[in-house]
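Chemist: I am attaching a structure below and will ask some questions about it afterwards.
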2 protein chains.
Amino acid sequence: MDDRRFQKVAKALADPRRFEIFQKIATTPADEMCCGAICEEFPVSQATVSHHLKELTEAGLLESRSEGQFKYWSVNAGTMNEYIAELQNRLQLPKAKSRK
Amino acid sequence: MDDRRFQKVAKALADPRRFEIFQKIATTPADEMCCGAICEEFPVSQATVSHHLKELTEAGLLESRSEGQFKYWSVNAGTMNEYIAELQNRLQLPKAKSRK
DNA sequence: AAGGTGAATAGATGTCCATCAATATATCTA
DNA sequence: TAGATATATTGATGGACATCTATTCACCTT
């Protein structure tokens, strides 16, 4: 993972509302959500949600598929795993036992 | 890890210069660095370095010990591991194979 | 074709914060 | 005690960005 991507992911995760949106998509049973459904979950405008989805996508954390008028967003888990691995590598963290 | 701490860590890692400083401390052979030594590594003022050290400390990512005029900073690896575990938990990431 | 709905974009605004120079504080040394 | 060195703090500033409203774009339905 190159520097630019690494920093984009870090920034994308750093805004509280944006992380909440990401987490909501990550944990929704259907594994994907459309913009409208996300808007219902948070007290922010549709424009703001759309902006956050764009940032998360540019960071490689989200993917989308279009279906008619709708656009469905889902998590790209690979990027998150790469980011975590990159953190561990760059900081030379001894591999920690995973906690339950 | 509570929400406040989680967000503080995310923000602390999101600034490129601040992460570089953190990484430098994390990977220095002596496991600790003083402010002056860090200043020599980066083209920023001593005030800025001191500011970043404060932010990283408030996030729980750094610890320090004083020795005379000097203050030595080192990484609190526990916080980083907790942060990573928290990411995996909150996003329900399937445990990925660790890469070499 | 026309109206309706979902999402993206444009432009404006207020806030946060990285950065700096200057100063203060603390410790050491002569 | 006086100067020197190391770090912290203060106050100011410029830029980044989260957020909004308004508008545009895309697709659907009748």
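Order determines the names: the first chain of the structure tokens is A, the second B, and so forth; residues in each chain are numbered 1 upward, and ligands are numbered 1 upward as they are shown.
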Could you pull the residues within 10 Å of DA12 in chain D, counting only C-alpha atoms (C1' of nucleotides), minus those fewer than 2 positions along the same chain, as a list in words?
Modeler: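 Once the adjacent positions are removed, what remains is DC20 and DA21 of chain C; DT10 and DG14 of chain D.
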Chemist: As an mmCIF file with C-alpha atoms, in the first residue's frame, please: every residue in chain B that a backbone DSSP assignment puts in alpha helix (DSSP H).
Modeler:
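Output file out_34.cif is given in full below:
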data_model
loop_
_atom_site.group_PDB
_atom_site.id
_atom_site.type_symbol
_atom_site.label_atom_id
_atom_site.label_comp_id
_atom_site.auth_asym_id
_atom_site.auth_seq_id
_atom_site.Cartn_x
_atom_site.Cartn_y
_atom_site.Cartn_z
ATOM 1 C CA ASP B 3 -15.496 6.159 21.677
ATOM 2 C CA ARG B 4 -13.520 9.196 22.753
ATOM 3 C CA ARG B 5 -10.229 7.322 22.855
ATOM 4 C CA PHE B 6 -10.999 5.554 19.601
ATOM 5 C CA GLN B 7 -11.591 8.841 17.815
ATOM 6 C CA LYS B 8 -8.554 10.480 19.361
ATOM 7 C CA VAL B 9 -6.325 7.680 18.080
ATOM 8 C CA ALA B 10 -7.868 7.865 14.615
ATOM 9 C CA LYS B 11 -7.300 11.601 14.464
ATOM 10 C CA ALA B 12 -3.766 11.309 15.810
ATOM 11 C CA LEU B 13 -2.871 8.866 13.053
ATOM 12 C CA ALA B 14 -4.551 10.894 10.313
ATOM 13 C CA PRO B 16 0.829 12.734 7.770
ATOM 14 C CA ARG B 17 3.556 14.571 9.654
ATOM 15 C CA ARG B 18 2.303 13.342 12.989
ATOM 16 C CA PHE B 19 2.269 9.768 11.793
ATOM 17 C CA GLU B 20 5.816 10.135 10.477
ATOM 18 C CA ILE B 21 6.940 11.301 13.893
ATOM 19 C CA PHE B 22 5.125 8.423 15.538
ATOM 20 C CA GLN B 23 6.665 5.967 13.113
ATOM 21 C CA LYS B 24 10.124 7.391 13.689
ATOM 22 C CA ILE B 25 9.817 6.867 17.429
ATOM 23 C CA ALA B 26 8.309 3.415 16.923
ATOM 24 C CA THR B 27 11.197 2.226 14.798
ATOM 25 C CA CYS B 35 12.199 16.176 21.245
ATOM 26 C CA GLY B 36 15.442 17.601 19.905
ATOM 27 C CA ALA B 37 16.342 14.398 18.097
ATOM 28 C CA ILE B 38 12.917 14.343 16.473
ATOM 29 C CA CYS B 39 13.247 17.979 15.412
ATOM 30 C CA GLU B 40 16.431 17.104 13.551
ATOM 31 C CA GLU B 41 14.532 14.552 11.466
ATOM 32 C CA GLN B 46 10.244 22.639 17.652
ATOM 33 C CA ALA B 47 6.856 24.018 18.662
ATOM 34 C CA THR B 48 5.140 21.891 16.062
ATOM 35 C CA VAL B 49 6.952 18.739 17.134
ATOM 36 C CA SER B 50 6.033 19.429 20.725
ATOM 37 C CA HIS B 51 2.419 19.876 19.682
ATOM 38 C CA HIS B 52 2.332 16.553 17.846
ATOM 39 C CA LEU B 53 3.937 14.762 20.782
ATOM 40 C CA LYS B 54 1.200 16.155 22.985
ATOM 41 C CA GLU B 55 -1.551 14.964 20.665
ATOM 42 C CA LEU B 56 -0.038 11.501 20.381
ATOM 43 C CA THR B 57 0.297 11.325 24.155
ATOM 44 C CA GLU B 58 -3.303 12.402 24.741
ATOM 45 C CA ALA B 77 2.158 -0.450 21.737
ATOM 46 C CA GLY B 78 -0.820 -1.550 23.802
ATOM 47 C CA THR B 79 -2.907 1.354 22.598
ATOM 48 C CA MET B 80 -2.128 0.629 18.957
ATOM 49 C CA ASN B 81 -3.061 -3.019 19.387
ATOM 50 C CA GLU B 82 -6.274 -2.034 21.129
ATOM 51 C CA TYR B 83 -7.074 0.365 18.332
ATOM 52 C CA ILE B 84 -6.550 -2.294 15.699
ATOM 53 C CA ALA B 85 -8.658 -4.777 17.640
ATOM 54 C CA GLU B 86 -11.341 -2.128 17.981
ATOM 55 C CA LEU B 87 -11.358 -1.500 14.245
ATOM 56 C CA GLN B 88 -11.780 -5.214 13.610
ATOM 57 C CA ASN B 89 -14.545 -5.492 16.166
ATOM 58 C CA ARG B 90 -16.504 -2.429 15.144
#
Chemist: Identify all residues of range 14-88 of chain A in strand (DSSP E) (DSSP on the backbone) and supply them as a ChimeraX atom specification.
Modeler: /A:33-34,62-67,70-75
Chemist: Give me, as JSON lines, each residue of chain A that comes within 9 Å of chain D, together with its shortest interatomic pair and the distance in Å at one decimal, counting only C-alpha atoms (C1' of nucleotides), with rows ordered by chain and rising residue number.
Modeler:
{"residue": "A:Asp15", "atom": "CA", "partner": "D:DA18", "partner_atom": "C1'", "distance": 8.9}
{"residue": "A:Val44", "atom": "CA", "partner": "D:DT19", "partner_atom": "C1'", "distance": 8.1}
{"residue": "A:Ser45", "atom": "CA", "partner": "D:DC20", "partner_atom": "C1'", "distance": 7.4}
{"residue": "A:Ala47", "atom": "CA", "partner": "D:DC20", "partner_atom": "C1'", "distance": 8.2}
{"residue": "A:Thr48", "atom": "CA", "partner": "D:DT19", "partner_atom": "C1'", "distance": 6.5}
{"residue": "A:Gly68", "atom": "CA", "partner": "D:DC27", "partner_atom": "C1'", "distance": 6.0}
{"residue": "A:Gln69", "atom": "CA", "partner": "D:DC27", "partner_atom": "C1'", "distance": 5.1}
{"residue": "A:Phe70", "atom": "CA", "partner": "D:DC27", "partner_atom": "C1'", "distance": 8.8}
Chemist: Export N, CA and C atoms of the chosen residues as a PDB file, in the first residue's frame?
Modeler:
ATOM      1  N   ASP A  15     -12.772  10.975  10.659  1.00  0.00           N
ATOM      2  CA  ASP A  15     -13.959  11.779  10.950  1.00  0.00           C
ATOM      3  C   ASP A  15     -15.032  10.908  11.591  1.00  0.00           C
ATOM      4  N   VAL A  44     -27.923  14.036   9.132  1.00  0.00           N
ATOM      5  CA  VAL A  44     -27.163  14.906   8.232  1.00  0.00           C
ATOM      6  C   VAL A  44     -27.849  14.912   6.875  1.00  0.00           C
ATOM      7  N   SER A  45     -27.519  15.888   6.073  1.00  0.00           N
ATOM      8  CA  SER A  45     -28.177  16.036   4.775  1.00  0.00           C
ATOM      9  C   SER A  45     -27.717  14.945   3.811  1.00  0.00           C
ATOM     10  N   ALA A  47     -26.605  15.454   0.928  1.00  0.00           N
ATOM     11  CA  ALA A  47     -25.357  15.910   0.302  1.00  0.00           C
ATOM     12  C   ALA A  47     -24.149  15.500   1.137  1.00  0.00           C
ATOM     13  N   THR A  48     -24.286  15.606   2.430  1.00  0.00           N
ATOM     14  CA  THR A  48     -23.175  15.246   3.321  1.00  0.00           C
ATOM     15  C   THR A  48     -22.897  13.746   3.268  1.00  0.00           C
ATOM     16  N   GLY A  68     -30.753   0.609 -11.285  1.00  0.00           N
ATOM     17  CA  GLY A  68     -31.783   1.611 -11.570  1.00  0.00           C
ATOM     18  C   GLY A  68     -31.379   2.941 -10.980  1.00  0.00           C
ATOM     19  N   GLN A  69     -32.303   3.558 -10.256  1.00  0.00           N
ATOM     20  CA  GLN A  69     -31.994   4.852  -9.637  1.00  0.00           C
ATOM     21  C   GLN A  69     -31.077   4.700  -8.438  1.00  0.00           C
ATOM     22  N   PHE A  70     -30.982   3.496  -7.946  1.00  0.00           N
ATOM     23  CA  PHE A  70     -30.286   3.287  -6.677  1.00  0.00           C
ATOM     24  C   PHE A  70     -28.825   2.946  -6.872  1.00  0.00           C
TER      25      PHE A  70
END
Chemist: Which one of A:Ser66, A:Gln92, A:Asn76, A:Thr28 sits closest to chain C if you count only C-alpha atoms (C1' of nucleotides)?
Modeler: A:Ser66
Chemist: Check the smallest atom-to-atom distance from each of C:DA8, C:DA2, C:DA30, C:DA22 to chain A using only C-alpha atoms (C1' of nucleotides), then report the winner.
Modeler: C:DA8
Chemist: Counting only C-alpha atoms (C1' of nucleotides), collect the residues of chain C whose closest atom lies at most 8 Å from chain B, and write them out as JSON, numbers by chain.
Modeler: {"C": [18, 19, 20, 26, 27, 28]}
Chemist: By how many Å are CA of Gly60 in chain A and CA of Val75 in chain A apart?
Modeler: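 Straight-line distance from CA of Gly60 in chain A to CA of Val75 in chain A works out to 8.9 Å.
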Chemist: Grab the CA of Tyr72 in chain A to CA of Asp2 in chain A distance for me, in Å with one decimal place.
Modeler: 27.4 Å
Chemist: CA of Phe42 in chain A and CA of Pro94 in chain B, how far apart in Å?
Modeler: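 So the answer is 26.0 Å.
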Chemist: Could you tell me which of A:Trp73, A:Leu91, A:Ala59, A:Met1 comes closest to chain B if we count only C-alpha atoms?
Modeler: A:Leu91
